[in-house]
Protein chains: 2
Amino acid sequence: LSERAVILSIGYELLQGRVINTNATYISRKLSLLGYEVKAIISVGDNYNDIGKALDFAINTLGARIVITTGGLGPTHDDITADAIAKYFRKKLVLNKEAYEMIRSKYESAGMEMTESRVKMALLPEGSKPIPNSVGTAPGIHLRLELVELFALPGVPKEMEAMFEQYVEPILRARTGIQISEGYLEVMGVPESGIAPLIKAIAKKYPIYIKSHPQLHEIESPLVKVYIMATDKERSKARSLCLEACRDLENKLRTLKEAKIIRSCECS
Amino acid sequence: LSERAVILSIGYELLQGRVINTNATYISRKLSLLGYEVKAIISVGDNYNDIGKALDFAINTLGARIVITTGGLGPTHDDITADAIAKYFRKKLVLNKEAYEMIRSKYESAGMEMTESRVKMALLPEGSKPIPNSVGTAPGIHLRLELVELFALPGVPKEMEAMFEQYVEPILRARTGIQISEGYLEVMGVPESGIAPLIKAIAKKYPIYIKSHPQLHEIESPLVKVYIMATDKERSKARSLCLEACRDLENKLRTLKEAKIIRSCECS
């Protein structure tokens, strides 16, 4: 039986329809491939009561053992996620030295001082580990409790994705013992927007994670790297699936006359 | 004080990251503009228990008086939304004659017979009214209870949007007495993708609903109609806001040298 996970997206902008919740789509895809059963995706506002109620619903009603939150970790007064998590789990909010150091060094290298708003980002629930943010400034929160393991990530997609891949994913992978095979291919001559329909078809056909990364200029000199991740309990099966999906894409790309495959499929 | 609303998105595809939940973004934007407070957006799978738990959480924990669901109304065995709603509210699932007639006439005009799967779409919780589906086949469900008013809409965005605009929106508008002003402008010479950044900026700057509708061909003969909706308790204020946002867009469009405004801003 798979472990249950819930994604909790925090921010009024989601409830007012100002932002599409692509973060939840990304995380749910990753969690599913890592062998977790995503029971629910819940969006609530930056509000202590509602965050607490949603955590309670996720953990006690739906039985989530993994909770991943996004949003509300920044320096402003309405970024209350760390404090709301602390309150819900009856932990103190304390200055985390490791987090403080991460933040201080980032601002220092930009020639900027620590201010109260910047120190605020280092206040984590007691017992947490900060999750390094390689893209932005606010660290994430990793809180391991008796029943539940919680990861709080920022709402900025680029930061969230980098932190998920560098920190959260290895921990979740080790928990389930799921095996991952990663593959790449590179194609020149077709802009990313021209490859998009093929990638969409592959994403639909295979239970894999796939994403295109444009390397040069979209129109003048298009070079796109395509990343594929496949998972299975057995390493050999993960690898076969990765290769099958990757080669299927490669064959489809070869039918486009402008496309030149400059790096053929390889899966780890 | 605004009435509370919760959006419940139903479907495993959302929890597996196979689909981005743009329906929830659309509905939350509309509800906010209509004067409702969206307390949460919840996605769960096509699962009786989880739909029931989510309804209970929405109504009893978060105090929602309006619940809008999307997804799970189709003809297949895993489309269980109508039945799950019936079970949660302890209603029988009964053949709704009005719904049956809506479905039968659609298939008849396509020369197709009613089958068991098609009849299934006419089974609604006792006491419901079917919501006409002008785009597809499955009717929606309108269930008015003592505390809560529930609308169940299909997951296909075009069907959902049409049914929301034609049926749900007038009812919700009458409930709050909110006033709506709608405006249009039309521009030629610039493809929709070229206008998109300007529309995004206007959507960010004003508390309005804005959407572009390409009328002719994107590249060869671009003609785009832009729709704006503004709301307020006072009609005159709604109209001013609509005009302000629309004229701001019009002025921005006039700075594009290919753009030709063929219909200037008008707000109802």
# chains A, B, ... in the order shown; residues from 1 in each chain; ligands from 1
>>> interface_residues(of="chain A", to="chain B", cutoff="10 Å", atoms="only C-alpha atoms", output="ChimeraX atom specification")
/A:6-10,12-33,36-45,47,49-50,53-54,57,61-62,203-204,207,209
>>> write_last_selection(atoms="C-alpha atoms", output="mmCIF file, in the first residue's frame")
data_model
loop_
_atom_site.group_PDB
_atom_site.id
_atom_site.type_symbol
_atom_site.label_atom_id
_atom_site.label_comp_id
_atom_site.auth_asym_id
_atom_site.auth_seq_id
_atom_site.Cartn_x
_atom_site.Cartn_y
_atom_site.Cartn_z
ATOM 1 C CA VAL A 6 -1.575 15.792 0.602
ATOM 2 C CA ILE A 7 -0.510 18.995 -1.135
ATOM 3 C CA LEU A 8 -1.461 22.221 0.618
ATOM 4 C CA SER A 9 -1.193 25.359 -1.520
ATOM 5 C CA ILE A 10 -1.264 28.557 0.507
ATOM 6 C CA TYR A 12 -5.165 34.217 -1.389
ATOM 7 C CA GLU A 13 -4.084 34.743 -5.001
ATOM 8 C CA LEU A 14 -5.101 31.112 -5.667
ATOM 9 C CA LEU A 15 -8.573 31.595 -4.161
ATOM 10 C CA GLN A 16 -9.164 34.777 -6.138
ATOM 11 C CA GLY A 17 -8.261 33.133 -9.418
ATOM 12 C CA ARG A 18 -5.280 35.402 -9.991
ATOM 13 C CA VAL A 19 -2.824 32.507 -10.314
ATOM 14 C CA ILE A 20 -3.171 29.030 -11.824
ATOM 15 C CA ASN A 21 -1.940 26.386 -9.395
ATOM 16 C CA THR A 22 0.705 24.765 -11.578
ATOM 17 C CA ASN A 23 2.812 24.019 -8.473
ATOM 18 C CA ALA A 24 0.266 21.446 -7.327
ATOM 19 C CA THR A 25 0.273 19.815 -10.759
ATOM 20 C CA TYR A 26 4.065 19.540 -10.689
ATOM 21 C CA ILE A 27 4.205 18.123 -7.157
ATOM 22 C CA SER A 28 1.322 15.704 -7.660
ATOM 23 C CA ARG A 29 2.933 14.296 -10.792
ATOM 24 C CA LYS A 30 6.246 13.837 -8.970
ATOM 25 C CA LEU A 31 4.653 12.277 -5.888
ATOM 26 C CA SER A 32 2.621 9.840 -7.990
ATOM 27 C CA LEU A 33 5.736 8.730 -9.857
ATOM 28 C CA TYR A 36 2.836 8.025 -3.186
ATOM 29 C CA GLU A 37 -0.943 8.234 -3.269
ATOM 30 C CA VAL A 38 -1.941 11.894 -3.468
ATOM 31 C CA LYS A 39 -5.260 12.004 -1.578
ATOM 32 C CA ALA A 40 -6.026 15.682 -2.065
ATOM 33 C CA ILE A 41 -4.780 19.052 -3.202
ATOM 34 C CA ILE A 42 -6.064 21.846 -0.983
ATOM 35 C CA SER A 43 -5.693 25.589 -1.540
ATOM 36 C CA VAL A 44 -6.403 27.962 1.332
ATOM 37 C CA GLY A 45 -5.630 31.598 2.033
ATOM 38 C CA ASN A 47 -4.894 32.588 7.275
ATOM 39 C CA ASN A 49 -7.298 29.173 11.052
ATOM 40 C CA ASP A 50 -7.686 27.853 7.549
ATOM 41 C CA LYS A 53 -7.982 23.304 9.545
ATOM 42 C CA ALA A 54 -6.505 22.126 6.258
ATOM 43 C CA PHE A 57 -8.147 17.564 7.528
ATOM 44 C CA THR A 61 -9.284 12.923 8.139
ATOM 45 C CA LEU A 62 -7.424 11.845 4.998
ATOM 46 C CA ALA A 203 3.255 12.602 -21.314
ATOM 47 C CA LYS A 204 -0.209 11.253 -21.993
ATOM 48 C CA PRO A 207 3.398 7.139 -16.829
ATOM 49 C CA TYR A 209 7.613 12.835 -15.958
#
>>> closest_residue(among="B:Gly127, B:Pro139, B:Gly35, B:Pro197", to="Lys252 in chain B", atoms="only C-alpha atoms")
B:Pro197
>>> select_by_dssp(residues="range 65-110 of chain B", states="strand (DSSP E or B)", output="PyMOL selection string")
chain B and resi 66-70+93-95
>>> closest_residue(among="B:Thr255, B:Ser212, B:Thr115, B:Ser264", to="Ala196 in chain B", atoms="only C-alpha atoms")
B:Ser212
>>> residues_around(residues="Phe151 in chain A", least_positions_apart="5", cutoff="7 Å", atoms="only C-alpha atoms", output="list in words")
Val67, Ile68, Thr69, Ile141, His142 and Leu143 of chain A
